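With mmCIF, C-alpha atoms inside, this is entry_29.cif:
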```
data_coords
loop_
_atom_site.label_atom_id
_atom_site.label_comp_id
_atom_site.auth_asym_id
_atom_site.auth_seq_id
_atom_site.Cartn_x
_atom_site.Cartn_y
_atom_site.Cartn_z
CA MET A 1 -13.64 19.17 18.40
CA ILE A 2 -11.72 19.05 15.13
CA ARG A 3 -13.96 16.25 13.82
CA ARG A 4 -17.04 18.34 14.60
CA ALA A 5 -15.51 21.38 12.91
CA LEU A 6 -14.80 19.30 9.82
CA LEU A 7 -18.41 18.19 9.61
CA LEU A 8 -19.64 21.74 9.97
CA ALA A 9 -17.23 22.93 7.27
CA ILE A 10 -18.54 20.60 4.56
CA VAL A 11 -20.45 22.42 1.84
CA THR A 12 -22.15 20.81 -1.14
CA VAL A 13 -20.33 20.86 -4.48
CA ALA A 14 -20.39 18.70 -7.59
CA ALA A 15 -18.90 15.29 -7.03
CA ALA A 16 -15.48 14.56 -8.48
CA PRO A 17 -15.58 13.11 -11.99
CA PRO A 18 -15.34 9.31 -12.27
CA GLY A 19 -11.77 8.10 -12.33
CA ALA A 20 -10.34 11.23 -10.68
CA ARG A 21 -7.17 10.37 -8.78
CA ALA A 22 -7.49 10.65 -5.01
CA ASP A 23 -4.93 11.51 -2.34
CA TYR A 24 -5.02 11.60 1.47
CA ALA A 25 -5.02 14.75 3.56
CA VAL A 26 -3.51 14.02 6.96
CA LEU A 27 -4.46 16.35 9.80
CA LYS A 28 -2.39 16.90 12.92
CA SER A 29 -5.21 15.29 14.90
CA GLY A 30 -4.49 12.03 13.06
CA VAL A 31 -7.62 12.22 10.88
CA ARG A 32 -7.05 11.08 7.27
CA LEU A 33 -9.38 12.33 4.55
CA HIS A 34 -9.67 10.81 1.08
CA ILE A 35 -9.51 13.85 -1.22
CA THR A 36 -9.63 14.49 -4.96
CA GLY A 37 -7.99 17.90 -4.77
CA TYR A 38 -7.07 20.81 -2.52
CA GLN A 39 -6.61 24.56 -2.71
CA ILE A 40 -4.76 26.89 -0.34
CA GLN A 41 -6.45 30.22 0.38
CA GLY A 42 -4.44 32.29 2.83
CA ASP A 43 -4.48 30.58 6.21
CA ARG A 44 -7.20 28.12 5.12
CA THR A 45 -7.02 24.98 2.97
CA LEU A 46 -10.00 23.69 0.98
CA LEU A 47 -9.98 19.90 0.71
CA THR A 48 -12.21 18.50 -2.01
CA ILE A 49 -13.86 15.21 -1.05
CA ALA A 50 -16.56 13.17 -2.77
CA GLY A 51 -19.64 15.37 -2.67
CA GLY A 52 -18.21 18.36 -0.82
CA VAL A 53 -15.36 20.53 0.40
CA VAL A 54 -13.77 20.53 3.84
CA ASN A 55 -12.43 23.92 4.96
CA VAL A 56 -9.60 23.54 7.48
CA ALA A 57 -6.97 25.83 8.94
CA ALA A 58 -3.69 25.44 7.06
CA ALA A 59 -1.95 24.99 10.42
CA ASP A 60 -4.10 21.88 11.09
CA LEU A 61 -2.93 20.15 7.90
CA SER A 62 0.04 17.86 8.46
CA ALA A 63 0.58 16.46 4.96
CA ILE A 64 -0.92 15.52 1.62
CA GLN A 65 -0.06 11.89 0.90
CA PRO A 66 -0.55 10.54 -2.64
CA GLU A 67 -2.10 7.17 -3.20
CA ASP A 68 0.28 4.64 -4.68
CA VAL A 69 0.12 4.99 -8.44
CA PHE A 70 2.50 2.77 -10.34
CA THR A 71 4.60 4.28 -13.11
CA GLU A 72 6.74 2.23 -15.41
CA ALA A 73 10.45 2.96 -15.50
CA ALA A 74 10.60 0.84 -18.67
CA PRO A 75 8.00 -1.19 -20.60
CA PRO A 76 7.98 -4.64 -18.97
CA ALA A 77 7.46 -7.60 -21.23
CA SER A 78 6.17 -9.70 -18.36
CA ALA A 79 3.73 -7.32 -16.65
CA GLY A 80 0.48 -9.01 -15.67
CA SER A 81 1.83 -12.56 -15.73
CA SER A 82 3.45 -14.65 -12.99
CA GLU A 83 4.84 -17.26 -15.38
CA PRO A 84 8.28 -15.69 -15.95
CA PHE A 85 8.81 -15.50 -12.17
CA ALA A 86 7.29 -18.84 -11.12
CA HIS A 87 10.66 -20.52 -10.48
CA LEU A 88 11.88 -17.55 -8.42
CA ILE A 89 8.68 -17.52 -6.36
CA ARG A 90 8.92 -21.28 -5.82
CA ALA A 91 12.55 -21.05 -4.71
CA ALA A 92 11.93 -18.15 -2.31
CA ALA A 93 8.86 -19.85 -0.86
CA ALA A 94 10.79 -23.06 -0.22
CA LYS A 95 13.74 -21.21 1.31
CA HIS A 96 11.64 -19.20 3.75
CA GLY A 97 8.84 -21.70 4.37
CA LEU A 98 6.00 -19.68 2.87
CA ASP A 99 3.11 -20.63 0.62
CA GLU A 100 4.14 -19.71 -2.93
CA LYS A 101 0.51 -18.76 -3.63
CA LEU A 102 0.77 -16.08 -0.95
CA ILE A 103 3.89 -14.63 -2.54
CA THR A 104 2.26 -14.71 -5.98
CA ILE A 105 -0.82 -12.87 -4.70
CA VAL A 106 1.28 -10.25 -2.92
CA ILE A 107 3.25 -9.60 -6.11
CA ALA A 108 0.04 -9.37 -8.14
CA THR A 109 -1.42 -6.90 -5.65
CA GLU A 110 1.74 -4.86 -5.23
CA SER A 111 2.90 -4.49 -8.84
CA ASN A 112 0.76 -6.64 -11.16
CA PHE A 113 3.98 -8.56 -11.96
CA ASN A 114 5.68 -5.44 -13.30
CA PRO A 115 9.38 -5.77 -12.35
CA ARG A 116 9.94 -2.08 -13.15
CA ALA A 117 7.05 -0.74 -11.07
CA VAL A 118 7.76 2.40 -9.03
CA SER A 119 5.20 3.83 -6.62
CA ARG A 120 4.86 7.46 -5.59
CA LYS A 121 6.35 6.45 -2.24
CA SER A 122 9.44 5.15 -4.08
CA ALA A 123 8.61 1.48 -3.50
CA LEU A 124 10.35 -0.54 -6.19
CA GLY A 125 9.92 -3.65 -8.27
CA LEU A 126 7.76 -6.74 -8.08
CA MET A 127 7.23 -6.77 -4.30
CA GLN A 128 7.44 -2.98 -3.97
CA LEU A 129 10.45 -2.74 -1.68
CA LEU A 130 11.10 0.60 -0.04
CA PRO A 131 14.77 1.65 -0.36
CA GLU A 132 15.39 1.06 3.35
CA THR A 133 13.87 -2.42 3.15
CA ALA A 134 15.98 -3.25 0.10
CA ALA A 135 19.09 -2.10 1.95
CA ARG A 136 18.18 -4.16 5.03
CA TYR A 137 18.07 -7.32 2.94
CA SER A 138 21.22 -6.49 0.94
CA VAL A 139 19.44 -5.84 -2.36
CA SER A 140 21.78 -4.14 -4.82
CA ASP A 141 19.20 -3.88 -7.63
CA ALA A 142 15.54 -3.74 -6.56
CA PHE A 143 14.45 -4.13 -10.20
CA ASP A 144 16.15 -7.51 -10.45
CA PRO A 145 13.31 -10.04 -10.05
CA ALA A 146 15.45 -12.60 -8.23
CA GLN A 147 16.73 -10.13 -5.62
CA ASN A 148 13.36 -8.44 -5.24
CA ILE A 149 11.39 -11.65 -4.70
CA GLU A 150 13.99 -13.08 -2.33
CA ALA A 151 14.04 -9.92 -0.20
CA GLY A 152 10.28 -9.40 -0.27
CA THR A 153 9.63 -13.00 0.73
CA HIS A 154 12.26 -12.81 3.49
CA TYR A 155 10.66 -9.60 4.79
CA LEU A 156 7.17 -11.12 4.74
CA LYS A 157 8.46 -14.17 6.62
CA ASP A 158 10.09 -11.91 9.23
CA LEU A 159 6.80 -10.06 9.66
CA LEU A 160 4.92 -13.33 10.12
CA ASN A 161 7.43 -14.32 12.79
CA ARG A 162 7.07 -10.92 14.43
CA TYR A 163 3.29 -11.30 14.63
CA ARG A 164 3.36 -15.00 15.56
CA GLY A 165 1.90 -16.24 12.31
CA ASN A 166 -0.95 -13.70 12.16
CA LEU A 167 -1.26 -13.20 8.41
CA ARG A 168 -3.56 -10.16 8.63
CA LEU A 169 -1.11 -8.28 10.85
CA ALA A 170 1.87 -9.30 8.72
CA LEU A 171 0.13 -8.06 5.56
CA ALA A 172 -0.89 -4.83 7.28
CA ALA A 173 2.72 -4.30 8.33
CA TYR A 174 3.93 -5.06 4.80
CA ASN A 175 1.62 -2.33 3.50
CA ALA A 176 1.75 0.32 6.22
CA GLY A 177 4.89 -0.59 8.17
CA PRO A 178 5.23 -2.55 11.43
CA GLU A 179 5.54 0.67 13.44
CA THR A 180 2.04 1.67 12.33
CA VAL A 181 0.60 -1.75 13.18
CA ASP A 182 2.27 -1.69 16.59
CA ARG A 183 1.03 1.83 17.26
CA TYR A 184 -2.58 0.84 16.64
CA GLY A 185 -2.25 -2.61 18.16
CA GLY A 186 -3.71 -4.26 15.07
CA VAL A 187 -4.64 -3.55 11.47
CA PRO A 188 -4.55 0.28 11.36
CA PRO A 189 -7.68 2.26 10.43
CA ILE A 190 -6.22 3.21 7.06
CA ALA A 191 -8.52 2.54 4.12
CA GLU A 192 -5.70 1.53 1.79
CA THR A 193 -4.22 -0.93 4.31
CA ARG A 194 -7.54 -2.51 5.25
CA SER A 195 -8.43 -2.92 1.58
CA TYR A 196 -5.01 -4.47 0.92
CA VAL A 197 -5.38 -7.01 3.73
CA ARG A 198 -8.92 -7.93 2.66
CA ARG A 199 -7.93 -8.33 -0.97
CA VAL A 200 -4.90 -10.55 -0.38
CA THR A 201 -6.57 -12.79 2.20
CA ALA A 202 -9.73 -13.12 0.10
CA ILE A 203 -7.82 -14.18 -3.01
CA LEU A 204 -5.68 -16.55 -0.98
CA GLY A 205 -8.80 -18.11 0.50
CA GLN A 206 -10.32 -18.55 -2.95
CA GLU A 207 -7.10 -20.15 -4.21
CA LYS A 208 -7.11 -22.63 -1.32
CA ASP A 209 -10.78 -23.45 -1.84
CA ALA A 210 -10.13 -24.06 -5.53
CA GLY A 211 -7.19 -26.31 -4.62
CA ARG A 212 -9.45 -28.46 -2.45
#
```
Take the structure in this file and express it as structure tokens.
Amino acid sequence: MIRRALLLAIVTVAAAPPGARADYAVLKSGVRLHITGYQIQGDRTLLTIAGGVVNVAAADLSAIQPEDVFTEAAPPASAGSSEPFAHLIRAAAAKHGLDEKLITIVIATESNFNPRAVSRKSALGLMQLLPETAARYSVSDAFDPAQNIEAGTHYLKDLLNRYRGNLRLALAAYNAGPETVDRYGGVPPIAETRSYVRRVTAILGQEKDAGR
């Protein structure tokens, strides 16, 4: 019923300008809408989407979740390059039995090799560790490349063990959390997570093909 009401509430407006930052509006029904803005008008909330506006009751809106946008806590000299971290990646991969190419691609996707990266969800450093994940793996400084890569690799290995070697599920859990993956029984229907899984596995596949 809510889905039908959403469709009926869409009215035509000018599309958002190119490059406008987008967030997610999460409804209590579980529906997630990719939005470029919102406005509260009394007991209604207007959610701006590409090409229109969705008018919903304020009581039906659970949260507005920002997309991850990386901000630099300090200018990193090594952003965009894996070379300064190659030995750390190699050591962590050997210790935990993972392909170092996988770790490299995850770091590139998570932070673009920026050791000072901070997301809007407070994920930190090269492998974008959430504070609770950093604490679980005894990380005292999430901006320290050695600690960050070791913990992120250990976490990814634990996720692969949890999902019996299923890389897609492990990556989905790394991005959205294992609770979300377990709740949906697979890669969750979250655009950001599905894009993340596709991107990492595609690049990894290309790397392996090039190696052959």
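Residues with any atom within 10 Å of the point (13.2, 7.7, 3.0), counting only C-alpha atoms, are Lys121, Ser122, Leu130, Pro131 and Glu132 of chain A.
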Open item on the list: Considering only C-alpha atoms, can you say which of A:Val139, A:Leu160, A:Ile64, A:Leu126 comes closest to Val26 (chain A)?
Closed with: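 Selected residue with least distance to Val26 (chain A): A:Ile64.
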Task: Point-to-point distance in Å for CA of Gly125 (chain A) and CA of Asp144 (chain A) - done: 7.6 Å
TODO: Let me know the residues the PyMOL selection byres ((chain A and resi 156) around 12) catches in the file above, as a PyMOL selection string.
DONE: chain A and resi 92-93+96-100+102-103+106-107+127-129+133+137+149-155+157-163+165-175+177-178
Task: Which residue of A:Ser138, A:Thr180, A:Gln65, A:Thr201 approaches His34 (chain A) most closely, using only C-alpha atoms - done: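 Counting only C-alpha atoms, the residue closest to His34 (chain A) is A:Gln65.
For Leu27 (chain A), the list of residues within 8 Å, based on only C-alpha atoms and with local chain neighbours fewer than 6 positions off taken out, reads Asp60, Leu61, Ser62 and Ala63 of chain A.
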Task: Point-to-point distance from CA of Arg116 (chain A) to CA of Tyr24 (chain A), Å rounded to tenths - done: 25.0 Å
Task: Distance of CA of Asp23 (chain A) from CA of Val197 (chain A), expressed in Å to one decimal place - done: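 These atoms are spaced 19.5 Å apart.
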Open item on the list: Residues within 10 Å of Ile105 (chain A), please, as a list of chain:residue names. Count all atoms listed in the file; anything in the same chain fewer than 3 positions from it doesn't count.
Closed with: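 That gives A:Ser82, A:Glu100, A:Lys101, A:Leu102, A:Ala108, A:Thr109, A:Glu110, A:Asn112, A:Phe113, A:Arg199, A:Val200, A:Thr201, A:Ile203, A:Leu204, A:Glu207.
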Residue subset to file, keeping C-alpha atoms, as a PDB file, in the coordinates of the input:
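Now in result_23.pdb:
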```pdb
ATOM      1  CA  SER A  82       3.450 -14.650 -12.990  1.00  0.00           C
ATOM      2  CA  GLU A 100       4.140 -19.710  -2.930  1.00  0.00           C
ATOM      3  CA  LYS A 101       0.510 -18.760  -3.630  1.00  0.00           C
ATOM      4  CA  LEU A 102       0.770 -16.080  -0.950  1.00  0.00           C
ATOM      5  CA  ALA A 108       0.040  -9.370  -8.140  1.00  0.00           C
ATOM      6  CA  THR A 109      -1.420  -6.900  -5.650  1.00  0.00           C
ATOM      7  CA  GLU A 110       1.740  -4.860  -5.230  1.00  0.00           C
ATOM      8  CA  ASN A 112       0.760  -6.640 -11.160  1.00  0.00           C
ATOM      9  CA  PHE A 113       3.980  -8.560 -11.960  1.00  0.00           C
ATOM     10  CA  ARG A 199      -7.930  -8.330  -0.970  1.00  0.00           C
ATOM     11  CA  VAL A 200      -4.900 -10.550  -0.380  1.00  0.00           C
ATOM     12  CA  THR A 201      -6.570 -12.790   2.200  1.00  0.00           C
ATOM     13  CA  ILE A 203      -7.820 -14.180  -3.010  1.00  0.00           C
ATOM     14  CA  LEU A 204      -5.680 -16.550  -0.980  1.00  0.00           C
ATOM     15  CA  GLU A 207      -7.100 -20.150  -4.210  1.00  0.00           C
TER      16      GLU A 207
END
```
Task: Which residue of A:Leu124, A:Leu33, A:Ala146, A:Val187 approaches Val53 (chain A) most closely, using all atoms listed in the file - done: A:Leu33
- [ ] Identify, on the basis of all atoms listed in the file, every residue whose closest approach to Ala58 (chain A) does not exceed 8 Å; exclude the query and any residue fewer than 6 positions from it along the same chain; express the result as a VMD selection string.
- [x] chain A and resid 40 43 to 45
Open item on the list: Considering all atoms listed in the file, can you say which of A:Phe143, A:Tyr196, A:Tyr38, A:Tyr184 comes closest to Val54 (chain A)?
Closed with: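 Among the listed residues, the smallest separation from Val54 (chain A) belongs to A:Tyr38.
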